[in-house]
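Dropping protein-v9.cif in here (mmCIF, C-alpha atoms):
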```cif
data_input
loop_
_atom_site.label_atom_id
_atom_site.label_comp_id
_atom_site.auth_asym_id
_atom_site.auth_seq_id
_atom_site.Cartn_x
_atom_site.Cartn_y
_atom_site.Cartn_z
CA MET A 1 72.53 -69.72 -241.97
CA PRO A 2 70.05 -72.59 -241.68
CA ILE A 3 68.68 -74.14 -244.88
CA GLU A 4 64.97 -74.52 -245.63
CA VAL A 5 63.90 -78.05 -246.52
CA ASN A 6 60.21 -78.89 -246.96
CA GLY A 7 59.17 -76.13 -244.59
CA LYS A 8 61.72 -77.09 -241.96
CA SER A 9 64.70 -74.99 -240.98
CA LEU A 10 67.86 -77.13 -240.58
CA GLU A 11 71.10 -76.00 -238.93
CA VAL A 12 74.30 -76.23 -240.99
CA ASP A 13 77.91 -75.43 -240.08
CA GLU A 14 80.01 -72.67 -241.66
CA GLU A 15 80.92 -74.96 -244.56
CA GLY A 16 77.36 -75.97 -245.27
CA TYR A 17 77.36 -79.44 -243.68
CA LEU A 18 74.28 -80.44 -241.69
CA ALA A 19 74.81 -79.81 -237.98
CA ASN A 20 72.74 -82.85 -237.06
CA ILE A 21 72.96 -85.96 -239.23
CA ASN A 22 69.50 -87.06 -238.03
CA ASP A 23 67.97 -84.00 -239.70
CA TRP A 24 68.66 -85.54 -243.12
CA GLU A 25 65.98 -86.36 -245.63
CA PRO A 26 66.27 -86.64 -249.43
CA GLY A 27 65.04 -83.04 -249.72
CA VAL A 28 68.32 -81.89 -248.14
CA ALA A 29 70.26 -83.14 -251.17
CA ASP A 30 67.70 -81.53 -253.51
CA VAL A 31 68.00 -78.14 -251.83
CA MET A 32 71.80 -78.24 -251.60
CA SER A 33 72.25 -79.35 -255.21
CA LYS A 34 69.92 -76.62 -256.46
CA GLU A 35 72.15 -74.05 -254.74
CA ASP A 36 75.09 -75.56 -256.64
CA ASP A 37 73.14 -75.51 -259.97
CA LEU A 38 73.38 -79.28 -260.15
CA THR A 39 70.57 -81.62 -261.18
CA LEU A 40 70.66 -84.90 -259.28
CA THR A 41 70.39 -88.08 -261.38
CA ASP A 42 70.08 -91.71 -260.32
CA GLU A 43 73.86 -91.92 -260.57
CA HIS A 44 74.21 -89.12 -258.01
CA TRP A 45 71.73 -90.84 -255.71
CA ASP A 46 73.66 -94.13 -255.93
CA ILE A 47 76.65 -92.35 -254.42
CA ILE A 48 74.65 -90.37 -251.85
CA ASN A 49 72.83 -93.49 -250.66
CA TYR A 50 76.05 -95.47 -250.59
CA LEU A 51 77.71 -92.80 -248.40
CA ARG A 52 74.80 -92.92 -245.99
CA GLU A 53 74.99 -96.71 -245.77
CA TYR A 54 78.74 -96.51 -245.21
CA TYR A 55 78.32 -94.01 -242.39
CA GLU A 56 75.56 -96.06 -240.81
CA GLU A 57 77.83 -99.11 -240.73
CA TYR A 58 81.21 -97.58 -239.85
CA GLN A 59 80.36 -94.22 -238.23
CA ILE A 60 82.72 -92.35 -240.56
CA ALA A 61 82.57 -90.85 -244.03
CA PRO A 62 84.95 -92.77 -246.29
CA ALA A 63 88.08 -91.18 -247.75
CA VAL A 64 87.93 -90.54 -251.52
CA ARG A 65 90.26 -93.45 -252.19
CA VAL A 66 88.02 -95.78 -250.20
CA LEU A 67 84.89 -94.43 -251.87
CA THR A 68 86.38 -94.85 -255.34
CA LYS A 69 87.33 -98.45 -254.72
CA ALA A 70 83.94 -99.26 -253.18
CA VAL A 71 82.02 -97.65 -256.04
CA GLY A 72 84.01 -99.71 -258.54
CA LYS A 73 83.16 -102.86 -256.66
CA LYS A 74 79.48 -102.04 -256.18
CA PHE A 75 78.50 -100.22 -259.37
CA GLY A 76 81.03 -101.56 -261.89
CA LYS A 77 84.73 -101.13 -262.64
CA ASP A 78 84.04 -98.33 -265.16
CA LYS A 79 82.67 -96.19 -262.33
CA GLY A 80 85.44 -96.90 -259.84
CA ASN A 81 87.62 -93.94 -260.74
CA SER A 82 87.91 -90.34 -259.64
CA LYS A 83 87.08 -89.06 -263.15
CA TYR A 84 83.61 -90.59 -262.95
CA LEU A 85 83.03 -89.30 -259.41
CA TYR A 86 84.32 -85.80 -260.16
CA GLY A 87 82.06 -85.83 -263.22
CA LEU A 88 79.09 -86.28 -260.91
CA PHE A 89 80.32 -84.05 -258.10
CA PRO A 90 82.59 -81.34 -259.51
CA TYR A 91 83.37 -79.87 -256.07
CA GLY A 92 84.89 -83.18 -255.03
CA PRO A 93 83.06 -86.45 -254.43
CA ALA A 94 83.92 -86.70 -250.75
CA LYS A 95 83.14 -83.12 -249.83
CA GLN A 96 80.15 -82.40 -252.03
CA ALA A 97 78.47 -85.82 -251.94
CA CYS A 98 78.98 -86.13 -248.18
CA ARG A 99 77.41 -82.73 -247.71
CA TYR A 100 74.37 -83.76 -249.77
CA ALA A 101 74.19 -87.00 -247.80
CA GLY A 102 74.08 -85.11 -244.52
CA LEU A 103 77.38 -86.57 -243.27
CA PRO A 104 80.08 -84.64 -241.47
CA LYS A 105 83.04 -83.49 -243.54
CA PRO A 106 85.22 -86.56 -244.18
CA THR A 107 88.11 -87.03 -241.78
CA GLY A 108 91.34 -85.84 -243.32
CA CYS A 109 89.57 -84.59 -246.41
CA VAL A 110 91.73 -82.18 -248.41
CA MET B 1 108.33 -91.11 -255.03
CA ALA B 2 109.35 -91.20 -251.42
CA GLU B 3 110.37 -94.55 -250.05
CA THR B 4 107.78 -96.48 -248.06
CA LYS B 5 108.20 -96.32 -244.32
CA GLN B 6 106.89 -98.73 -241.74
CA PHE B 7 104.45 -96.83 -239.53
CA PHE B 8 103.60 -98.50 -236.25
CA TYR B 9 100.69 -97.24 -234.18
CA LEU B 10 100.92 -98.34 -230.55
CA ASN B 11 97.59 -98.30 -228.67
CA ARG B 12 97.72 -98.69 -224.89
CA LYS B 13 94.52 -97.00 -223.65
CA ALA B 14 90.98 -98.19 -223.04
CA PRO B 15 88.39 -96.66 -225.40
CA TYR B 16 86.09 -94.25 -223.51
CA GLY B 17 87.87 -93.14 -220.32
CA THR B 18 90.27 -90.95 -222.30
CA ILE B 19 90.31 -89.52 -225.82
CA TYR B 20 93.50 -91.39 -226.89
CA ALA B 21 91.78 -94.33 -228.61
CA TRP B 22 89.58 -92.17 -230.84
CA GLU B 23 92.44 -89.76 -231.58
CA SER B 24 94.62 -92.66 -232.62
CA LEU B 25 91.94 -94.02 -234.92
CA GLU B 26 91.50 -90.63 -236.59
CA VAL B 27 95.24 -90.24 -237.12
CA VAL B 28 95.42 -93.75 -238.57
CA LEU B 29 92.59 -93.02 -241.02
CA ILE B 30 94.11 -89.70 -242.09
CA GLY B 31 97.58 -91.25 -242.32
CA ALA B 32 96.22 -94.03 -244.53
CA ALA B 33 96.01 -91.49 -247.37
CA PHE B 34 99.81 -91.58 -247.56
CA ASP B 35 100.82 -94.89 -249.04
CA GLN B 36 102.84 -96.25 -246.14
CA ASP B 37 103.24 -99.66 -244.60
CA VAL B 38 100.94 -99.40 -241.56
CA SER B 39 100.70 -101.69 -238.54
CA LEU B 40 98.36 -101.25 -235.58
CA ALA B 41 99.30 -102.72 -232.24
CA PHE B 42 97.06 -103.16 -229.23
CA VAL B 43 98.73 -103.81 -225.89
CA GLU B 44 97.75 -103.41 -222.22
CA ASP B 45 94.37 -101.60 -221.91
CA GLY B 46 94.51 -100.91 -225.65
CA VAL B 47 93.11 -104.41 -226.24
CA TYR B 48 89.83 -103.18 -224.75
CA GLN B 49 89.37 -100.94 -227.82
CA LEU B 50 88.60 -103.98 -229.94
CA THR B 51 85.94 -105.68 -227.80
CA LYS B 52 82.76 -106.50 -229.68
CA ASN B 53 79.18 -105.58 -228.62
CA GLN B 54 80.13 -102.11 -227.38
CA ASP B 55 76.94 -100.18 -226.69
CA THR B 56 77.34 -96.58 -225.58
CA THR B 57 73.67 -95.58 -225.51
CA GLY B 58 73.76 -95.40 -221.70
CA ILE B 59 76.79 -93.11 -221.44
CA GLY B 60 75.95 -90.55 -224.11
CA MET B 61 79.19 -90.95 -226.06
CA LYS B 62 79.71 -91.82 -229.71
CA ASN B 63 80.32 -95.54 -230.18
CA PHE B 64 83.34 -95.56 -232.47
CA SER B 65 83.96 -99.31 -232.31
CA PRO B 66 82.26 -99.88 -235.73
CA THR B 67 84.98 -97.73 -237.29
CA TYR B 68 87.64 -100.39 -236.62
CA ALA B 69 85.81 -102.57 -239.15
CA ALA B 70 86.53 -99.91 -241.81
CA LEU B 71 90.30 -100.26 -241.40
CA GLY B 72 90.39 -102.97 -244.05
CA ASP B 73 88.92 -100.52 -246.57
CA TYR B 74 91.85 -98.24 -245.79
CA ASP B 75 94.30 -101.02 -246.68
CA ILE B 76 95.24 -101.56 -243.06
CA LYS B 77 95.76 -105.29 -242.92
CA LYS B 78 98.15 -105.72 -240.03
CA VAL B 79 96.54 -105.51 -236.61
CA TYR B 80 98.57 -107.04 -233.79
CA VAL B 81 97.10 -107.89 -230.39
CA GLU B 82 99.32 -108.95 -227.50
CA GLN B 83 98.42 -112.31 -225.95
CA GLU B 84 99.75 -111.44 -222.46
CA SER B 85 97.58 -108.30 -222.38
CA LEU B 86 94.48 -110.33 -223.25
CA THR B 87 95.23 -113.01 -220.66
CA GLU B 88 95.89 -110.48 -217.89
CA ARG B 89 92.42 -109.05 -218.55
CA GLY B 90 90.60 -112.39 -218.76
CA LEU B 91 89.94 -111.89 -222.48
CA THR B 92 90.33 -114.15 -225.49
CA LEU B 93 90.30 -113.47 -229.23
CA ASP B 94 86.58 -114.36 -229.17
CA ASP B 95 85.87 -111.22 -227.13
CA LEU B 96 87.25 -109.05 -229.94
CA GLN B 97 85.69 -107.93 -233.21
CA HIS B 98 86.50 -110.07 -236.22
CA LEU B 99 88.41 -107.61 -238.39
CA THR B 100 88.99 -108.46 -242.03
CA TRP B 101 90.27 -106.94 -245.26
CA GLU B 102 89.31 -107.85 -248.80
CA ASP B 103 91.98 -108.97 -251.21
CA GLU B 104 91.19 -107.27 -254.53
CA ASP B 105 93.64 -109.58 -256.33
CA GLU B 106 91.78 -112.68 -255.16
CA ASP B 107 88.23 -111.69 -256.11
CA TRP B 108 87.74 -109.74 -252.88
CA ALA B 109 88.44 -112.75 -250.66
CA GLU B 110 88.07 -111.86 -246.98
CA LYS B 111 91.21 -112.26 -244.92
CA ASP B 112 91.78 -111.85 -241.19
CA SER B 113 93.48 -108.65 -240.08
CA ILE B 114 94.15 -109.52 -236.44
CA THR B 115 97.19 -111.53 -235.43
CA VAL B 116 97.66 -112.41 -231.78
CA VAL B 117 101.35 -112.18 -230.87
CA SER B 118 103.42 -112.75 -227.75
CA ARG B 119 105.01 -109.88 -225.85
CA ALA B 120 108.41 -110.86 -227.25
CA GLU B 121 107.04 -110.84 -230.81
CA MET B 122 105.41 -107.46 -230.16
CA ALA B 123 108.73 -106.08 -228.96
CA ALA B 124 110.40 -107.30 -232.14
CA LEU B 125 107.69 -105.66 -234.29
CA MET B 126 108.26 -102.33 -232.51
CA ASP B 127 111.99 -102.60 -233.04
CA ALA B 128 111.53 -103.27 -236.75
CA ALA B 129 109.29 -100.22 -237.34
CA ASP B 130 110.70 -97.00 -238.81
CA VAL B 131 108.31 -94.76 -236.89
CA VAL B 132 106.24 -95.51 -233.78
CA PHE B 133 103.20 -93.38 -232.99
CA SER B 134 102.22 -93.82 -229.36
CA PHE B 135 98.69 -93.42 -228.03
CA MET C 1 78.82 -94.76 -190.83
CA PRO C 2 79.92 -96.63 -193.92
CA THR C 3 81.51 -94.94 -196.90
CA LEU C 4 80.80 -95.38 -200.60
CA HIS C 5 84.13 -95.51 -202.41
CA THR C 6 84.19 -94.85 -206.14
CA VAL C 7 86.83 -95.98 -208.65
CA ASN C 8 86.76 -94.79 -212.27
CA LYS C 9 90.21 -95.84 -213.49
CA SER C 10 91.37 -99.11 -215.00
CA PRO C 11 93.12 -101.32 -212.42
CA PHE C 12 95.75 -102.09 -215.05
CA GLU C 13 96.68 -98.46 -215.55
CA LYS C 14 96.33 -96.89 -212.10
CA THR C 15 96.62 -98.21 -208.56
CA ALA C 16 93.31 -96.61 -207.50
CA LEU C 17 91.41 -99.91 -207.19
CA ALA C 18 94.16 -101.64 -205.19
CA ALA C 19 94.51 -98.64 -202.88
CA CYS C 20 90.75 -98.37 -202.47
CA LEU C 21 90.32 -102.05 -201.60
CA ALA C 22 93.23 -101.87 -199.18
CA HIS C 23 91.57 -99.03 -197.31
CA ALA C 24 87.87 -99.90 -197.55
CA THR C 25 86.73 -101.05 -194.12
CA ALA C 26 84.18 -103.79 -193.50
CA GLY C 27 80.66 -102.67 -194.26
CA SER C 28 81.65 -99.98 -196.73
CA ALA C 29 80.95 -100.19 -200.46
CA VAL C 30 82.88 -99.72 -203.68
CA LEU C 31 81.28 -98.51 -206.90
CA LEU C 32 83.20 -99.21 -210.11
CA PHE C 33 82.34 -96.93 -213.03
CA GLU C 34 83.84 -95.62 -216.30
CA ASP C 35 87.18 -97.46 -216.81
CA GLY C 36 86.86 -98.73 -213.24
CA ILE C 37 84.48 -101.43 -214.50
CA TYR C 38 87.44 -103.35 -215.95
CA GLY C 39 88.17 -104.31 -212.34
CA ALA C 40 84.74 -105.97 -212.10
CA LEU C 41 85.27 -108.48 -214.91
CA ARG C 42 85.75 -112.17 -214.29
CA GLY C 43 89.01 -113.92 -215.07
CA SER C 44 91.35 -110.93 -214.98
CA ALA C 45 94.59 -110.62 -213.02
CA VAL C 46 92.83 -108.48 -210.38
CA ALA C 47 89.67 -110.62 -210.11
CA ASP C 48 90.96 -112.59 -207.08
CA THR C 49 91.68 -109.39 -205.15
CA VAL C 50 88.19 -108.08 -205.88
CA ALA C 51 86.58 -111.42 -205.01
CA ALA C 52 88.43 -111.43 -201.69
CA ALA C 53 87.25 -107.89 -200.93
CA LEU C 54 83.65 -109.01 -201.51
CA GLN C 55 83.89 -110.94 -198.23
CA SER C 56 83.75 -107.68 -196.29
CA VAL C 57 82.60 -104.90 -198.64
CA LYS C 58 79.85 -104.56 -201.20
CA VAL C 59 80.99 -103.96 -204.77
CA PHE C 60 78.82 -102.34 -207.42
CA ALA C 61 79.37 -101.78 -211.14
CA LEU C 62 77.59 -99.17 -213.27
CA GLU C 63 75.79 -100.99 -216.07
CA PRO C 64 75.96 -98.30 -218.82
CA ASP C 65 79.75 -98.24 -218.45
CA VAL C 66 79.92 -102.04 -218.52
CA ARG C 67 77.85 -102.19 -221.74
CA ALA C 68 79.67 -99.27 -223.39
CA ARG C 69 82.86 -101.32 -223.09
CA GLY C 70 81.34 -104.38 -224.75
CA PHE C 71 80.42 -106.49 -221.73
CA ALA C 72 77.15 -107.80 -220.31
CA PRO C 73 76.47 -108.13 -216.56
CA ASP C 74 77.08 -111.90 -216.81
CA ARG C 75 80.81 -111.17 -217.25
CA LEU C 76 81.07 -109.65 -213.78
CA ILE C 77 82.70 -111.37 -210.81
CA GLU C 78 80.09 -113.25 -208.80
CA GLY C 79 78.73 -111.14 -205.97
CA ILE C 80 79.15 -107.79 -207.70
CA GLU C 81 75.86 -105.91 -207.87
CA ILE C 82 74.79 -103.95 -210.91
CA VAL C 83 73.65 -100.33 -210.78
CA ALA C 84 71.32 -99.71 -213.71
CA ASP C 85 72.05 -96.06 -214.49
CA TYR C 86 73.47 -92.78 -213.22
CA ALA C 87 70.27 -92.12 -211.25
CA GLY C 88 71.00 -95.37 -209.43
CA PHE C 89 74.50 -94.04 -208.72
CA VAL C 90 72.92 -91.00 -207.03
CA ASP C 91 70.50 -93.18 -205.04
CA LEU C 92 73.40 -95.33 -203.88
CA ALA C 93 75.38 -92.27 -202.81
CA THR C 94 72.51 -91.14 -200.57
CA GLU C 95 72.52 -94.48 -198.76
CA TYR C 96 76.04 -93.92 -197.44
CA SER C 97 77.27 -91.21 -195.09
CA LYS C 98 79.87 -90.01 -197.57
CA VAL C 99 81.38 -90.66 -200.97
CA GLN C 100 85.12 -91.06 -201.32
CA ALA C 101 86.48 -90.88 -204.86
CA TRP C 102 89.70 -92.70 -205.75
CA LEU C 103 90.99 -90.84 -208.79
#
```
Would you encode the structure as structure tokens?
Amino acid sequence: MPIEVNGKSLEVDEEGYLANINDWEPGVADVMSKEDDLTLTDEHWDIINYLREYYEEYQIAPAVRVLTKAVGKKFGKDKGNSKYLYGLFPYGPAKQACRYAGLPKPTGCV
Amino acid sequence: MAETKQFFYLNRKAPYGTIYAWESLEVVLIGAAFDQDVSLAFVEDGVYQLTKNQDTTGIGMKNFSPTYAALGDYDIKKVYVEQESLTERGLTLDDLQHLTWEDEDEDWAEKDSITVVSRAEMAALMDAADVVFSF
Amino acid sequence: MPTLHTVNKSPFEKTALAACLAHATAGSAVLLFEDGIYGALRGSAVADTVAAALQSVKVFALEPDVRARGFAPDRLIEGIEIVADYAGFVDLATEYSKVQAWL
């Protein structure tokens, strides 16, 4: 089932990840989060944007452990823990945030 | 808590002609979730995986060479490249990416990941490993 | 009529390049592509063999495969000609009476 974003119909896989990473625009995260009954704050966007930058540079979505460490370094030690990230993304920071960011499902994500 | 094992990933294939290089990289990244002592070794055509300036736009394949630079984030700090394999191919360390890892205990100081070793040293590293994964 | 030989395997992993060069007669051509381009690079252990072959055969390398592997045309052995893309590969093939692939 494709998702509707700003009048465009975008392909997603059976788990809801964008089929084509180049289809992404901020509206994708808005639409996906609405379906999850989640309101995106600046803190959510920090993570989503960081994931996109990470993918752009390394061509992979980071593992949760890597994301946690990087968030602590970039946004402050108090945020570099899984409690903070799960608080933002209750379905799992790697899975849910990567989906909102238009990235493929993280390699080895459990 | 299980005891830490020394995992040794042996890479012997060039990057795009076969799928081995990418498969190895994926296994390494997945395996990094289990706190083990990981070493990556590049011998023979495997050294070609690490060349810098790879540009795959003309061959329609994903360029996965940037992913090697993420290894440091995954706490993979030991990357061994065999000198004889470089020489045989007319390559030097300058032809390879500069891979680093950040030492959290030293205010994120960048440290080199790659060590060039002789064939004899490589053989000794293989012998010392608990498990060797061959690609 | 001359033959266009193609080699797509690394000379350090398979003997295709050595066998090809040993059988390519004067006036024929050899196109190196995919992992075959590693045989076209300067300074390697097979570079002298390739340079010697250039005395009697033409040697080409496919540029997209050279660049994919991190090298620019200036790293090729002197005398090797560059083929810009796969369309150029096809054009080259039509210039020879047949194509012989060394797998």
Explicit residues for the PyMOL selection byres ((chain A and resi 12-25) around 10) (as a ChimeraX atom specification): /A:1-3,5-6,8-11,26-30,32,52,95-96,98-105
Rank nothing, just name the residue among C:Ala101, C:Ala87, C:Leu4, C:Cys20 nearest to chain B, using only C-alpha atoms.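 That would be C:Ala87, the residue with the smallest distance to chain B.
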For a test of reading the model, state the distance in Å between atom CA of Gly90 of chain B and atom CA of Leu103 of chain C, rounded to one decimal. 23.7 Å
Please build the interface table for segment 59-78 of chain B against segment 17-21 of chain B with a cut-off of 12 Å, listing for each qualifying residue the nearest atom pair and the distance in Å to one decimal; count all atoms listed in the file, order rows by chain and increasing number, and write it as a tab-separated table.
```
residue	atom	partner	partner_atom	distance
B:Ile59	CA	B:Gly17	CA	11.1
B:Met61	CA	B:Gly17	CA	10.6
B:Lys62	CA	B:Ile19	CA	11.5
B:Asn63	CA	B:Ala21	CA	11.6
B:Phe64	CA	B:Ala21	CA	9.4
B:Ser65	CA	B:Ala21	CA	10.0
B:Thr67	CA	B:Ala21	CA	11.5
B:Tyr68	CA	B:Ala21	CA	10.9
```
Please tabulate, as a Markdown table, the residues of chain B that come within 8 Å of chain A, each with its closest pair of atoms and the distance in Å to one decimal, counting all atoms listed in the file and ordering rows by chain, then residue number upward.
```
| residue | atom | partner | partner_atom | distance |
| --- | --- | --- | --- | --- |
| B:Glu26 | CA | A:Thr107 | CA | 7.2 |
| B:Leu29 | CA | A:Thr107 | CA | 7.5 |
| B:Ile30 | CA | A:Gly108 | CA | 4.9 |
| B:Ala33 | CA | A:Arg65 | CA | 7.8 |
| B:Phe64 | CA | A:Gln59 | CA | 6.6 |
| B:Pro66 | CA | A:Tyr58 | CA | 4.8 |
| B:Thr67 | CA | A:Tyr58 | CA | 4.6 |
| B:Tyr68 | CA | A:Tyr58 | CA | 7.7 |
| B:Ala69 | CA | A:Tyr58 | CA | 6.8 |
| B:Ala70 | CA | A:Tyr58 | CA | 6.1 |
| B:Asp73 | CA | A:Val66 | CA | 6.0 |
| B:Tyr74 | CA | A:Val66 | CA | 6.3 |
```
Name every residue that the PyMOL selection byres ((chain C and resi 35) around 7) selects in this structure, writing the answer as number ranges by chain with chains first and numbers rising. B: 17; C: 8-10, 33-34, 36-38
Output for the residues just chosen: C-alpha atoms as a short mmCIF file (atom, residue, chain, number, x, y, z; two decimals), keeping the file's coordinate frame:
```
data_model
loop_
_atom_site.label_atom_id
_atom_site.label_comp_id
_atom_site.auth_asym_id
_atom_site.auth_seq_id
_atom_site.Cartn_x
_atom_site.Cartn_y
_atom_site.Cartn_z
CA GLY B 17 87.87 -93.14 -220.32
CA ASN C 8 86.76 -94.79 -212.27
CA LYS C 9 90.21 -95.84 -213.49
CA SER C 10 91.37 -99.11 -215.00
CA PHE C 33 82.34 -96.93 -213.03
CA GLU C 34 83.84 -95.62 -216.30
CA GLY C 36 86.86 -98.73 -213.24
CA ILE C 37 84.48 -101.43 -214.50
CA TYR C 38 87.44 -103.35 -215.95
#
```
Neighbours of Val28 of chain B within 10 Å (all atoms listed in the file; same-chain residues fewer than 5 positions away dropped), as JSON, numbers by chain? {"B": [7, 8, 9, 22, 23, 33, 38, 39, 40, 71, 74, 76, 133]}
Between atom CA of Glu84 of chain B and atom CA of Phe60 of chain C, what is the spacing in Å? 27.3 Å
Resolved residues for the PyMOL selection byres ((chain B) within 6 of (chain C)) as a PDB file with C-alpha atoms, in the frame of the given file:
```
ATOM      1  CA  GLY B  17      87.870 -93.140-220.320  1.00  0.00           C
ATOM      2  CA  THR B  51      85.940-105.680-227.800  1.00  0.00           C
ATOM      3  CA  LYS B  52      82.760-106.500-229.680  1.00  0.00           C
ATOM      4  CA  ASN B  53      79.180-105.580-228.620  1.00  0.00           C
ATOM      5  CA  GLN B  54      80.130-102.110-227.380  1.00  0.00           C
ATOM      6  CA  ASP B  55      76.940-100.180-226.690  1.00  0.00           C
ATOM      7  CA  THR B  56      77.340 -96.580-225.580  1.00  0.00           C
ATOM      8  CA  GLY B  58      73.760 -95.400-221.700  1.00  0.00           C
ATOM      9  CA  ILE B  59      76.790 -93.110-221.440  1.00  0.00           C
ATOM     10  CA  GLU B  88      95.890-110.480-217.890  1.00  0.00           C
ATOM     11  CA  ARG B  89      92.420-109.050-218.550  1.00  0.00           C
ATOM     12  CA  GLY B  90      90.600-112.390-218.760  1.00  0.00           C
TER      13      GLY B  90
END
```
At what distance in Å, to one decimal, does atom CA of Pro2 of chain C lie from atom CA of Lys98 of chain C?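 Atom-to-atom, atom CA of Lys98 of chain C and atom CA of Pro2 of chain C are spaced 7.6 Å apart.
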From the set C:Leu92, C:Ala19, C:Met1, C:Val83, which residue has the shortest atom-to-atom contact distance to Val50 of chain C, counting all atoms listed in the file?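 Closest candidate: C:Ala19.
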B:Ala14, B:Leu50, B:Ala41, B:Ala109: which is nearest Thr92 of chain B, counting all atoms listed in the file?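 For Thr92 of chain B, the nearest of the given residues is B:Leu50.
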Show which residues sit within 6 Å of Tyr80 of chain B, as an MDAnalysis selection string. Count all atoms listed in the file, and ignore same-chain residues fewer than 3 positions away. chainID B and resid 41 114:116
As number ranges by chain, please: the residues near Glu44 of chain B (cut-off 8 Å, all atoms listed in the file, same-chain neighbours under 4 positions excluded). B: 12-13, 82, 85-86; C: 12
List the spatial neighbours of segment 79-81 of chain C as a list in words - criterion: any atom at most 8 Å away, all atoms listed in the file, same-chain residues fewer than 5 positions off excluded. Ala40, Ala51, Leu54, Lys58, Val59, Phe60 and Ala61 of chain C
